[in-house]
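**Q** My structure is in target.txt, and what it holds is compact mmCIF, C-alpha atoms and all ligand atoms:
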# COMPACT_ATOMS: atom_id res chain seq x y z
CA MET V 4 -12.02 -4.05 -1.48
CA ASN V 5 -10.61 -2.94 -4.84
CA LEU V 6 -7.37 -1.10 -4.24
CA ILE V 7 -4.89 0.82 -6.35
CA LEU V 8 -1.39 1.53 -5.07
CA LEU V 9 -0.08 4.63 -6.75
CA GLY V 10 3.51 5.81 -6.41
CA ALA V 11 6.81 6.46 -8.16
CA PRO V 12 9.24 3.65 -9.00
CA GLY V 13 10.75 2.58 -5.68
CA ALA V 14 8.03 4.26 -3.59
CA GLY V 15 7.34 0.92 -1.93
CA LYS V 16 4.28 -0.30 -3.84
CA GLY V 17 5.47 -3.91 -4.00
CA THR V 18 6.69 -3.84 -0.39
CA GLN V 19 3.35 -2.59 0.96
CA ALA V 20 1.36 -4.80 -1.45
CA GLU V 21 2.95 -7.96 0.02
CA ARG V 22 1.72 -6.93 3.49
CA ILE V 23 -1.74 -5.71 2.46
CA CYS V 24 -2.49 -8.82 0.38
CA ALA V 25 -1.37 -11.19 3.14
CA ASP V 26 -3.52 -9.43 5.77
CA TYR V 27 -6.60 -8.70 3.68
CA LYS V 28 -6.37 -11.91 1.64
CA ILE V 29 -6.78 -10.33 -1.78
CA PRO V 30 -4.75 -11.08 -4.92
CA HIS V 31 -1.74 -8.87 -5.68
CA ILE V 32 -1.86 -7.82 -9.31
CA SER V 33 1.41 -6.20 -10.33
CA THR V 34 1.64 -5.42 -14.03
CA GLY V 35 5.43 -5.23 -13.69
CA ASP V 36 5.50 -8.77 -12.20
CA ILE V 37 3.18 -10.03 -14.98
CA PHE V 38 5.54 -8.62 -17.62
CA ARG V 39 8.64 -10.03 -15.91
CA LYS V 40 7.01 -13.48 -15.78
CA ASN V 41 6.18 -13.24 -19.50
CA ILE V 42 9.73 -12.13 -20.29
CA LYS V 43 11.14 -15.09 -18.34
CA GLU V 44 8.84 -17.48 -20.22
CA GLY V 45 9.59 -15.87 -23.59
CA THR V 46 5.94 -15.28 -24.52
CA PRO V 47 4.97 -12.83 -27.33
CA VAL V 48 3.72 -10.34 -24.70
CA GLY V 49 7.03 -10.72 -22.85
CA LEU V 50 9.06 -10.04 -25.99
CA LYS V 51 7.04 -6.95 -26.78
CA ALA V 52 7.14 -5.63 -23.18
CA LYS V 53 10.89 -6.20 -22.84
CA SER V 54 11.75 -3.68 -25.56
CA TYR V 55 9.99 -0.95 -23.54
CA ILE V 56 10.92 -2.03 -20.01
CA ASP V 57 14.63 -2.23 -20.82
CA LYS V 58 14.51 1.43 -21.88
CA GLY V 59 12.52 2.53 -18.84
CA GLN V 60 9.52 3.36 -21.00
CA LEU V 61 5.91 2.37 -20.51
CA VAL V 62 4.47 -0.61 -22.35
CA PRO V 63 1.70 0.66 -24.69
CA ASP V 64 -1.67 1.22 -22.99
CA GLU V 65 -3.61 -1.25 -25.16
CA VAL V 66 -1.27 -4.12 -24.25
CA VAL V 67 -1.47 -3.42 -20.50
CA VAL V 68 -5.21 -2.76 -20.44
CA GLU V 69 -6.00 -6.06 -22.13
CA ILE V 70 -3.84 -8.01 -19.67
CA VAL V 71 -5.43 -6.33 -16.65
CA ALA V 72 -8.98 -6.75 -17.97
CA LEU V 73 -8.40 -10.49 -18.41
CA ARG V 74 -6.81 -10.78 -14.96
CA LEU V 75 -9.64 -8.91 -13.18
CA ALA V 76 -12.18 -11.26 -14.79
CA GLU V 77 -10.67 -14.23 -12.94
CA ASP V 78 -12.57 -15.74 -10.02
CA ASP V 79 -10.12 -14.79 -7.29
CA CYS V 80 -10.77 -11.09 -7.98
CA LYS V 81 -14.47 -11.31 -7.14
CA LYS V 82 -13.86 -10.45 -3.48
CA GLY V 83 -11.44 -7.65 -4.22
CA TYR V 84 -7.90 -7.14 -5.47
CA LEU V 85 -4.90 -4.88 -5.24
CA LEU V 86 -3.47 -3.24 -8.36
CA ASP V 87 0.25 -2.39 -8.12
CA GLY V 88 1.68 -0.36 -11.00
CA PHE V 89 -1.61 0.00 -12.84
CA PRO V 90 -3.02 2.40 -13.93
CA ARG V 91 -0.01 4.47 -14.93
CA THR V 92 -1.52 6.82 -17.51
CA VAL V 93 -4.81 8.73 -17.63
CA ALA V 94 -5.86 6.53 -20.58
CA GLN V 95 -5.32 3.40 -18.42
CA ALA V 96 -7.29 4.96 -15.54
CA LYS V 97 -10.20 5.69 -17.88
CA ALA V 98 -10.13 2.14 -19.22
CA LEU V 99 -10.14 0.83 -15.65
CA ASP V 100 -13.16 3.00 -14.79
CA GLU V 101 -15.06 1.05 -17.46
CA ILE V 102 -14.41 -2.34 -15.89
CA ALA V 103 -14.00 -1.70 -12.15
CA LYS V 104 -16.03 -0.01 -9.47
CA ASP V 105 -15.59 1.02 -5.83
CA LEU V 106 -11.91 1.72 -6.34
CA ARG V 107 -9.90 3.07 -3.44
CA VAL V 108 -6.55 4.64 -4.19
CA ILE V 109 -3.56 4.83 -1.87
CA ASN V 110 -0.88 7.20 -3.05
CA ILE V 111 2.56 6.50 -1.56
CA ASP V 112 4.21 9.91 -1.49
CA VAL V 113 8.02 10.00 -1.58
CA ASP V 114 10.88 12.41 -2.17
CA LEU V 115 11.97 11.51 -5.71
CA ASN V 116 15.60 12.27 -4.79
CA ALA V 117 15.65 9.33 -2.35
CA LEU V 118 14.62 6.76 -4.91
CA MET V 119 17.84 6.11 -6.80
CA ASP V 120 19.41 4.46 -3.74
CA ARG V 121 16.28 2.49 -2.92
CA ILE V 122 15.98 1.12 -6.44
CA THR V 123 19.60 0.37 -7.24
CA GLY V 124 19.91 -1.36 -3.82
CA ARG V 125 16.84 -3.49 -4.37
CA ARG V 126 17.13 -7.25 -4.80
CA VAL V 127 14.21 -9.47 -5.74
CA CYS V 128 13.43 -13.15 -5.65
CA PRO V 129 12.99 -14.43 -9.22
CA GLU V 130 10.86 -17.33 -7.91
CA CYS V 131 8.36 -15.85 -5.44
CA GLY V 132 8.77 -12.11 -6.09
CA ALA V 133 9.75 -11.12 -2.54
CA GLY V 134 11.66 -7.84 -2.38
CA TYR V 135 14.70 -6.82 -0.30
CA HIS V 136 17.24 -4.03 0.03
CA VAL V 137 21.00 -4.63 0.24
CA SER V 138 21.20 -2.38 3.32
CA THR V 139 19.13 -4.79 5.42
CA LYS V 140 19.33 -8.17 3.64
CA LYS V 141 21.77 -10.75 4.97
CA GLY V 142 23.00 -13.27 2.39
CA ASP V 143 21.67 -13.79 -1.13
CA LYS V 144 18.94 -16.37 -0.50
CA CYS V 145 15.24 -15.48 -0.40
CA ASP V 146 13.91 -15.67 3.20
CA LYS V 147 10.62 -17.07 1.90
CA CYS V 148 11.59 -19.71 -0.66
CA GLY V 149 15.38 -20.02 -0.58
CA ALA V 150 16.02 -19.05 -4.22
CA THR V 151 19.00 -16.81 -5.03
CA ILE V 152 17.90 -13.17 -5.10
CA VAL V 153 18.88 -10.97 -8.07
CA GLN V 154 18.88 -7.37 -9.28
CA ARG V 155 16.12 -6.40 -11.72
CA ALA V 156 17.36 -5.71 -15.26
CA ASP V 157 15.72 -2.24 -15.23
CA ASP V 158 17.29 -1.21 -11.91
CA GLN V 159 20.46 0.24 -13.47
CA PRO V 160 20.96 3.99 -12.81
CA GLU V 161 20.37 5.17 -16.42
CA THR V 162 17.12 3.21 -16.74
CA VAL V 163 15.97 4.37 -13.29
CA LYS V 164 16.46 8.02 -14.36
CA LYS V 165 14.24 7.43 -17.36
CA ARG V 166 11.59 5.63 -15.26
CA LEU V 167 11.45 8.56 -12.82
CA GLU V 168 11.03 10.99 -15.73
CA VAL V 169 8.21 8.85 -17.14
CA TYR V 170 6.56 8.79 -13.71
CA VAL V 171 6.58 12.59 -13.43
CA ASN V 172 5.21 13.13 -16.94
CA GLN V 173 2.75 10.29 -17.35
CA THR V 174 1.78 8.81 -13.96
CA ALA V 175 1.87 11.68 -11.44
CA PRO V 176 -1.16 13.34 -13.17
CA LEU V 177 -3.21 10.41 -11.83
CA ILE V 178 -2.95 11.90 -8.33
CA GLU V 179 -5.13 14.81 -9.45
CA TYR V 180 -7.35 12.48 -11.48
CA TYR V 181 -8.27 10.46 -8.36
CA GLU V 182 -8.27 13.47 -6.02
CA LYS V 183 -11.05 14.93 -8.13
CA LYS V 184 -13.01 11.70 -7.81
CA GLY V 185 -12.52 11.89 -4.03
CA ASN V 186 -11.22 8.34 -3.54
CA LEU V 187 -7.52 9.00 -2.92
CA VAL V 188 -5.64 8.87 0.38
CA THR V 189 -1.96 9.84 0.53
CA VAL V 190 0.48 8.15 2.92
CA ASP V 191 4.03 9.28 3.74
CA GLY V 192 6.31 6.82 1.95
CA MET V 193 9.46 8.29 3.50
CA LYS V 194 8.73 6.69 6.86
CA SER V 195 9.94 3.17 7.70
CA ILE V 196 8.27 0.24 5.95
CA ALA V 197 6.39 -0.66 9.16
CA GLU V 198 5.25 2.92 9.74
CA VAL V 199 4.04 3.26 6.17
CA TYR V 200 2.05 0.06 6.61
CA GLU V 201 0.43 1.46 9.78
CA GLU V 202 -0.67 4.51 7.77
CA VAL V 203 -2.00 2.26 5.01
CA LYS V 204 -4.04 0.22 7.50
CA LYS V 205 -5.44 3.41 9.03
CA ALA V 206 -6.44 4.60 5.56
CA LEU V 207 -8.20 1.30 4.86
CA ARG V 208 -10.21 1.28 8.10
P1 LIG S 301 7.05 -2.03 -12.04
O1 LIG S 301 7.52 -3.38 -11.76
O2 LIG S 301 5.66 -1.67 -11.65
O3 LIG S 301 8.07 -1.02 -11.45
P2 LIG S 301 7.93 0.47 -10.86
O4 LIG S 301 6.61 1.12 -10.90
O5 LIG S 301 9.02 1.21 -11.50
O6 LIG S 301 8.04 0.29 -9.37
P3 LIG S 301 9.09 -0.57 -8.62
O7 LIG S 301 8.67 -2.00 -8.63
O8 LIG S 301 10.45 -0.22 -9.10
O9 LIG S 301 8.97 0.06 -7.16
P4 LIG S 301 8.00 -0.28 -5.96
O10 LIG S 301 7.19 0.94 -5.69
O11 LIG S 301 7.29 -1.57 -6.12
O12 LIG S 301 9.09 -0.37 -4.80
P5 LIG S 301 9.53 -1.60 -3.88
O13 LIG S 301 8.44 -1.92 -2.94
O14 LIG S 301 10.12 -2.70 -4.67
O15 LIG S 301 7.16 -1.75 -13.60
C1 LIG S 301 8.34 -2.06 -14.32
C2 LIG S 301 8.19 -1.68 -15.77
O16 LIG S 301 7.11 -2.44 -16.37
C3 LIG S 301 7.80 -0.23 -16.05
O17 LIG S 301 8.95 0.62 -16.09
C4 LIG S 301 7.10 -0.33 -17.40
O18 LIG S 301 8.02 -0.43 -18.46
C5 LIG S 301 6.36 -1.66 -17.29
N1 LIG S 301 4.99 -1.48 -16.77
C6 LIG S 301 4.49 -1.95 -15.60
N2 LIG S 301 3.22 -1.58 -15.41
C7 LIG S 301 2.90 -0.83 -16.51
C8 LIG S 301 1.72 -0.13 -16.89
N3 LIG S 301 0.62 -0.10 -16.11
N4 LIG S 301 1.74 0.55 -18.07
C9 LIG S 301 2.84 0.54 -18.86
N5 LIG S 301 3.99 -0.09 -18.55
C10 LIG S 301 4.01 -0.77 -17.37
O19 LIG S 301 10.69 -0.88 -3.03
C11 LIG S 301 11.91 -0.47 -3.65
C12 LIG S 301 13.09 -0.68 -2.69
O20 LIG S 301 12.97 0.21 -1.59
C13 LIG S 301 13.17 -2.08 -2.09
O21 LIG S 301 14.51 -2.44 -1.98
C14 LIG S 301 12.52 -1.93 -0.72
O22 LIG S 301 13.05 -2.85 0.21
C15 LIG S 301 12.86 -0.50 -0.35
N6 LIG S 301 11.81 0.17 0.42
C16 LIG S 301 10.46 0.06 0.24
N7 LIG S 301 9.80 0.83 1.12
C17 LIG S 301 10.74 1.46 1.87
C18 LIG S 301 10.67 2.40 2.95
N8 LIG S 301 9.51 2.85 3.45
N9 LIG S 301 11.85 2.83 3.46
C19 LIG S 301 13.05 2.39 2.99
N10 LIG S 301 13.17 1.49 1.98
C20 LIG S 301 12.02 1.04 1.42
MG MG S 302 7.19 -3.03 -7.64
Before anything else, please render the file you have as structure tokens.
**A**
Amino acid sequence: MNLILLGAPGAGKGTQAERICADYKIPHISTGDIFRKNIKEGTPVGLKAKSYIDKGQLVPDEVVVEIVALRLAEDDCKKGYLLDGFPRTVAQAKALDEIAKDLRVINIDVDLNALMDRITGRRVCPECGAGYHVSTKKGDKCDKCGATIVQRADDQPETVKKRLEVYVNQTAPLIEYYEKKGNLVTVDGMKSIAEVYEEVKKALR
């Protein structure tokens, strides 16, 4: 099963990916997580990506495509994988078509007006990547690994505004791109996390 999770910033891609990958036992490939790891480790890719991510802009296609191509060539992807946050432009989708087949796309549809609260209230674990929201999280320790959870550097209101703009202009056209190919299913991302996951499982059956 080769899956793509499509959706705006804060739509719940990472939240649903955690559940899907645990149940279906496939690797979770989040380009955002890969960049954040590189930024933390101070690698050349991290330094380059940071200048874009901090402004809410997309990292250039050629940088992202190369990283994903290398990742998909690893052994653990042979039995399937889940892509979270990639592709994000039509050029990336075309590049992916060259290296991947049997792709299924789940589009998490949300009201863009609800996303500012979701994103600015998000907290993440810098160690294991688990995600939370201040409205439901008790304490500041990760439930999975005990590390102190933090706010992502790009989750400040001004940067979020820019990310939403970028989504509308550069990523939303992918909905039509995959609709035309006939491999896209849309789920209602405004329902509760558990309800969205039920819809996802139904779509994958
Ligand atoms: P990335 O890390 O991919 O961020 P994003 O796409 O902006 O998406 P988010 O991670 O913000 O949202 P999410 O959909 O995962 O939501 P989550 O599940 O956490 O990318 C970051 C940056 O890296 C980009 O801006 C870009 O610069 C660069 N980049 C990455 N990939 C790239 C690419 N392919 N090309 C170029 N550049 C790239 O949920 C959000 C919050 O809402 C959480 O608090 C959660 O608990 C809560 N929540 C989730 N679901 C629900 C629900 N159903 N109801 C209520 N609350 C919910
Ligand atoms: Mg995410």
**Q** Give the residue list for ligand LIG 301 (chain S) at 7 Å, counting only C-alpha atoms and all ligand atoms, as an mmCIF file with C-alpha atoms, in the frame of the given file, sorted by chain and then by residue number.
**A**
data_model
loop_
_atom_site.group_PDB
_atom_site.id
_atom_site.type_symbol
_atom_site.label_atom_id
_atom_site.label_comp_id
_atom_site.auth_asym_id
_atom_site.auth_seq_id
_atom_site.Cartn_x
_atom_site.Cartn_y
_atom_site.Cartn_z
ATOM 1 C CA GLY V 10 3.510 5.810 -6.410
ATOM 2 C CA ALA V 11 6.810 6.460 -8.160
ATOM 3 C CA PRO V 12 9.240 3.650 -9.000
ATOM 4 C CA GLY V 13 10.750 2.580 -5.680
ATOM 5 C CA ALA V 14 8.030 4.260 -3.590
ATOM 6 C CA GLY V 15 7.340 0.920 -1.930
ATOM 7 C CA LYS V 16 4.280 -0.300 -3.840
ATOM 8 C CA GLY V 17 5.470 -3.910 -4.000
ATOM 9 C CA THR V 18 6.690 -3.840 -0.390
ATOM 10 C CA GLN V 19 3.350 -2.590 0.960
ATOM 11 C CA SER V 33 1.410 -6.200 -10.330
ATOM 12 C CA THR V 34 1.640 -5.420 -14.030
ATOM 13 C CA GLY V 35 5.430 -5.230 -13.690
ATOM 14 C CA ASP V 36 5.500 -8.770 -12.200
ATOM 15 C CA PHE V 38 5.540 -8.620 -17.620
ATOM 16 C CA TYR V 55 9.990 -0.950 -23.540
ATOM 17 C CA ILE V 56 10.920 -2.030 -20.010
ATOM 18 C CA GLY V 59 12.520 2.530 -18.840
ATOM 19 C CA GLN V 60 9.520 3.360 -21.000
ATOM 20 C CA LEU V 61 5.910 2.370 -20.510
ATOM 21 C CA VAL V 62 4.470 -0.610 -22.350
ATOM 22 C CA PRO V 63 1.700 0.660 -24.690
ATOM 23 C CA ASP V 64 -1.670 1.220 -22.990
ATOM 24 C CA VAL V 67 -1.470 -3.420 -20.500
ATOM 25 C CA ASP V 87 0.250 -2.390 -8.120
ATOM 26 C CA GLY V 88 1.680 -0.360 -11.000
ATOM 27 C CA PHE V 89 -1.610 0.000 -12.840
ATOM 28 C CA PRO V 90 -3.020 2.400 -13.930
ATOM 29 C CA ARG V 91 -0.010 4.470 -14.930
ATOM 30 C CA ARG V 121 16.280 2.490 -2.920
ATOM 31 C CA ILE V 122 15.980 1.120 -6.440
ATOM 32 C CA GLY V 124 19.910 -1.360 -3.820
ATOM 33 C CA ARG V 125 16.840 -3.490 -4.370
ATOM 34 C CA ARG V 126 17.130 -7.250 -4.800
ATOM 35 C CA GLY V 134 11.660 -7.840 -2.380
ATOM 36 C CA TYR V 135 14.700 -6.820 -0.300
ATOM 37 C CA HIS V 136 17.240 -4.030 0.030
ATOM 38 C CA ARG V 166 11.590 5.630 -15.260
ATOM 39 C CA GLY V 192 6.310 6.820 1.950
ATOM 40 C CA MET V 193 9.460 8.290 3.500
ATOM 41 C CA LYS V 194 8.730 6.690 6.860
ATOM 42 C CA SER V 195 9.940 3.170 7.700
ATOM 43 C CA ILE V 196 8.270 0.240 5.950
ATOM 44 C CA VAL V 199 4.040 3.260 6.170
#
**Q** Mind giving me the straight-line distance from CA of Pro160 in chain V to CA of Ala117 in chain V in Å, one decimal?
**A**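 CA of Ala117 in chain V lies at a distance of 12.9 Å from CA of Pro160 in chain V.
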**Q** Show which residues sit within 10 Å of Lys81 in chain V, as a tab-separated table (two decimals) with C-alpha atoms, keeping the file's coordinate frame. Count all atoms listed in the file, and ignore same-chain residues fewer than 6 positions away.
**A**
chain	number	residue	atom	x	y	z
V	4	MET	CA	-12.02	-4.05	-1.48
V	5	ASN	CA	-10.61	-2.94	-4.84
V	29	ILE	CA	-6.78	-10.33	-1.78
V	30	PRO	CA	-4.75	-11.08	-4.92
V	75	LEU	CA	-9.64	-8.91	-13.18
**Q** Using CA of Glu179 in chain V and CA of Ala206 in chain V as the two end points, give the distance in Å to one decimal.
**A**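 Interatomic distance here is 18.2 Å.
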**Q** How far is it from CA of Lys104 in chain V to CA of Glu201 in chain V, in Å with one decimal?
**A**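 If I compute the distance from CA of Lys104 in chain V to CA of Glu201 in chain V, I get 25.4 Å.
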**Q** Which of these, V:Asp26, V:Glu202, V:Glu182, V:Asp157, has the shortest distance to ligand MG 302 (chain S) once you count all atoms listed in the file?
**A** V:Asp157
**Q** Which of these, V:Thr46, V:Ala197, V:Ala20, V:Cys128, has the shortest distance to ligand MG 302 (chain S) once you count all atoms listed in the file?
**A** V:Ala20
**Q** Leaving out Ala156 in chain V and any residue of its chain fewer than 5 positions from it, which residues lie within 12 Å of it when counting only C-alpha atoms, given as a VMD selection string?
**A** chain V and resid 39 42 to 43 53 to 54 56 to 59 122 to 123 125 to 127 129 161 to 163
**Q** From the set V:Asn110, V:Asn116, V:Thr189, V:Thr174, which residue has the shortest atom-to-atom contact distance to Ala96 in chain V, counting only C-alpha atoms?
**A**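 Selected residue with least distance to Ala96 in chain V: V:Thr174.
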**Q** Let me make sure I understand: among V:Ala133, V:Thr92, V:Val68, V:Leu99, which one has the smallest atom-to-atom distance to ligand MG 302 (chain S) if we use only C-alpha atoms and all ligand atoms?
**A**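 The shortest atom-to-atom distance to ligand MG 302 (chain S) comes from V:Ala133.
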**Q** Find the residues around Lys164 in chain V up to 9 Å (all atoms listed in the file counted), leave out those fewer than 5 positions away in its own chain, and share them as a ChimeraX atom specification.
**A** /V:59,119,159,169
**Q** Rank V:Ala76, V:Tyr170, V:Asp120, V:Leu187 by their smallest atom-to-atom distance to Ala103 in chain V, using all atoms listed in the file, and report the top residue only.
**A**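 With all atoms listed in the file as the atom set, the closest residue is V:Ala76.
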**Q** Calculated over only C-alpha atoms and all ligand atoms, which of the candidates V:Val153, V:Leu106, V:Cys24, V:Leu86 has the smallest distance to ligand MG 302 (chain S)?
**A**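 Among V:Val153, V:Leu106, V:Cys24, V:Leu86, it is V:Leu86 that comes nearest to ligand MG 302 (chain S).
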**Q** Need the shell around Val108 in chain V: protein/DNA/RNA residues with any atom at most 8 Å away, counting all atoms listed in the file. Skip same-chain ones fewer than 5 positions apart. Format as a list in words?
**A**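 Skipping anything fewer than 5 positions along the chain leaves Leu6, Ile7, Leu8, Leu9, Tyr181, Asn186, Leu187 and Val188 of chain V.
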**Q** Write out as lines of an AutoDock Vina configuration file an axis-aligned box for range 150-157 of chain V: all of its atoms listed in the file, 4 Å added on each side, centre and edge lengths in Å with one decimal.
**A**
center_x = 17.4
center_y = -10.6
center_z = -9.7
size_x = 11.3
size_y = 24.8
size_z = 19.0
**Q** Complete the atom set of range 129-153 of chain V to N, CA and C atoms and return it as a PDB file, keeping the file's coordinate frame.
**A**
ATOM      1  N   PRO V 129      13.542 -14.131  -7.898  1.00  0.00           N
ATOM      2  CA  PRO V 129      12.990 -14.430  -9.220  1.00  0.00           C
ATOM      3  C   PRO V 129      11.910 -15.515  -9.158  1.00  0.00           C
ATOM      4  N   GLU V 130      11.839 -16.241  -8.030  1.00  0.00           N
ATOM      5  CA  GLU V 130      10.860 -17.330  -7.910  1.00  0.00           C
ATOM      6  C   GLU V 130       9.540 -16.846  -7.303  1.00  0.00           C
ATOM      7  N   CYS V 131       9.611 -16.215  -6.119  1.00  0.00           N
ATOM      8  CA  CYS V 131       8.360 -15.850  -5.440  1.00  0.00           C
ATOM      9  C   CYS V 131       8.082 -14.361  -5.447  1.00  0.00           C
ATOM     10  N   GLY V 132       9.022 -13.544  -5.954  1.00  0.00           N
ATOM     11  CA  GLY V 132       8.770 -12.110  -6.090  1.00  0.00           C
ATOM     12  C   GLY V 132       9.045 -11.278  -4.851  1.00  0.00           C
ATOM     13  N   ALA V 133       9.471 -11.897  -3.754  1.00  0.00           N
ATOM     14  CA  ALA V 133       9.750 -11.120  -2.540  1.00  0.00           C
ATOM     15  C   ALA V 133      10.833 -10.072  -2.811  1.00  0.00           C
ATOM     16  N   GLY V 134      10.711  -8.925  -2.151  1.00  0.00           N
ATOM     17  CA  GLY V 134      11.660  -7.840  -2.380  1.00  0.00           C
ATOM     18  C   GLY V 134      12.504  -7.550  -1.153  1.00  0.00           C
ATOM     19  N   TYR V 135      13.763  -7.115  -1.391  1.00  0.00           N
ATOM     20  CA  TYR V 135      14.700  -6.820  -0.300  1.00  0.00           C
ATOM     21  C   TYR V 135      15.506  -5.581  -0.665  1.00  0.00           C
ATOM     22  N   HIS V 136      16.296  -5.095   0.329  1.00  0.00           N
ATOM     23  CA  HIS V 136      17.240  -4.030   0.030  1.00  0.00           C
ATOM     24  C   HIS V 136      18.597  -4.444   0.585  1.00  0.00           C
ATOM     25  N   VAL V 137      19.665  -4.176  -0.180  1.00  0.00           N
ATOM     26  CA  VAL V 137      21.000  -4.630   0.240  1.00  0.00           C
ATOM     27  C   VAL V 137      21.385  -4.112   1.621  1.00  0.00           C
ATOM     28  N   SER V 138      20.824  -2.966   2.022  1.00  0.00           N
ATOM     29  CA  SER V 138      21.200  -2.380   3.320  1.00  0.00           C
ATOM     30  C   SER V 138      20.708  -3.223   4.498  1.00  0.00           C
ATOM     31  N   THR V 139      19.675  -4.023   4.299  1.00  0.00           N
ATOM     32  CA  THR V 139      19.130  -4.790   5.420  1.00  0.00           C
ATOM     33  C   THR V 139      19.127  -6.303   5.185  1.00  0.00           C
ATOM     34  N   LYS V 140      19.400  -6.737   3.946  1.00  0.00           N
ATOM     35  CA  LYS V 140      19.330  -8.170   3.640  1.00  0.00           C
ATOM     36  C   LYS V 140      20.647  -8.864   3.952  1.00  0.00           C
ATOM     37  N   LYS V 141      20.559  -9.943   4.713  1.00  0.00           N
ATOM     38  CA  LYS V 141      21.770 -10.750   4.970  1.00  0.00           C
ATOM     39  C   LYS V 141      21.770 -11.929   3.986  1.00  0.00           C
ATOM     40  N   GLY V 142      22.890 -12.143   3.321  1.00  0.00           N
ATOM     41  CA  GLY V 142      23.000 -13.270   2.390  1.00  0.00           C
ATOM     42  C   GLY V 142      22.244 -13.014   1.103  1.00  0.00           C
ATOM     43  N   ASP V 143      22.318 -14.000   0.174  1.00  0.00           N
ATOM     44  CA  ASP V 143      21.670 -13.790  -1.130  1.00  0.00           C
ATOM     45  C   ASP V 143      20.561 -14.799  -1.404  1.00  0.00           C
ATOM     46  N   LYS V 144      20.039 -15.406  -0.320  1.00  0.00           N
ATOM     47  CA  LYS V 144      18.940 -16.370  -0.500  1.00  0.00           C
ATOM     48  C   LYS V 144      17.628 -15.752  -0.021  1.00  0.00           C
ATOM     49  N   CYS V 145      16.562 -16.010  -0.768  1.00  0.00           N
ATOM     50  CA  CYS V 145      15.240 -15.480  -0.400  1.00  0.00           C
ATOM     51  C   CYS V 145      14.807 -16.078   0.945  1.00  0.00           C
ATOM     52  N   ASP V 146      14.349 -15.209   1.870  1.00  0.00           N
ATOM     53  CA  ASP V 146      13.910 -15.670   3.200  1.00  0.00           C
ATOM     54  C   ASP V 146      12.651 -16.540   3.093  1.00  0.00           C
ATOM     55  N   LYS V 147      11.893 -16.348   2.004  1.00  0.00           N
ATOM     56  CA  LYS V 147      10.620 -17.070   1.900  1.00  0.00           C
ATOM     57  C   LYS V 147      10.750 -18.406   1.196  1.00  0.00           C
ATOM     58  N   CYS V 148      11.557 -18.449   0.097  1.00  0.00           N
ATOM     59  CA  CYS V 148      11.590 -19.710  -0.660  1.00  0.00           C
ATOM     60  C   CYS V 148      12.994 -20.248  -0.906  1.00  0.00           C
ATOM     61  N   GLY V 149      14.020 -19.499  -0.488  1.00  0.00           N
ATOM     62  CA  GLY V 149      15.380 -20.020  -0.580  1.00  0.00           C
ATOM     63  C   GLY V 149      16.088 -19.831  -1.915  1.00  0.00           C
ATOM     64  N   ALA V 150      15.381 -19.272  -2.914  1.00  0.00           N
ATOM     65  CA  ALA V 150      16.020 -19.050  -4.220  1.00  0.00           C
ATOM     66  C   ALA V 150      17.062 -17.928  -4.097  1.00  0.00           C
ATOM     67  N   THR V 151      17.990 -17.867  -5.055  1.00  0.00           N
ATOM     68  CA  THR V 151      19.000 -16.810  -5.030  1.00  0.00           C
ATOM     69  C   THR V 151      18.378 -15.501  -5.532  1.00  0.00           C
ATOM     70  N   ILE V 152      18.511 -14.446  -4.716  1.00  0.00           N
ATOM     71  CA  ILE V 152      17.900 -13.170  -5.100  1.00  0.00           C
ATOM     72  C   ILE V 152      18.781 -12.455  -6.126  1.00  0.00           C
ATOM     73  N   VAL V 153      18.161 -11.624  -6.967  1.00  0.00           N
ATOM     74  CA  VAL V 153      18.880 -10.970  -8.070  1.00  0.00           C
ATOM     75  C   VAL V 153      18.495  -9.491  -8.150  1.00  0.00           C
TER      76      VAL V 153
END
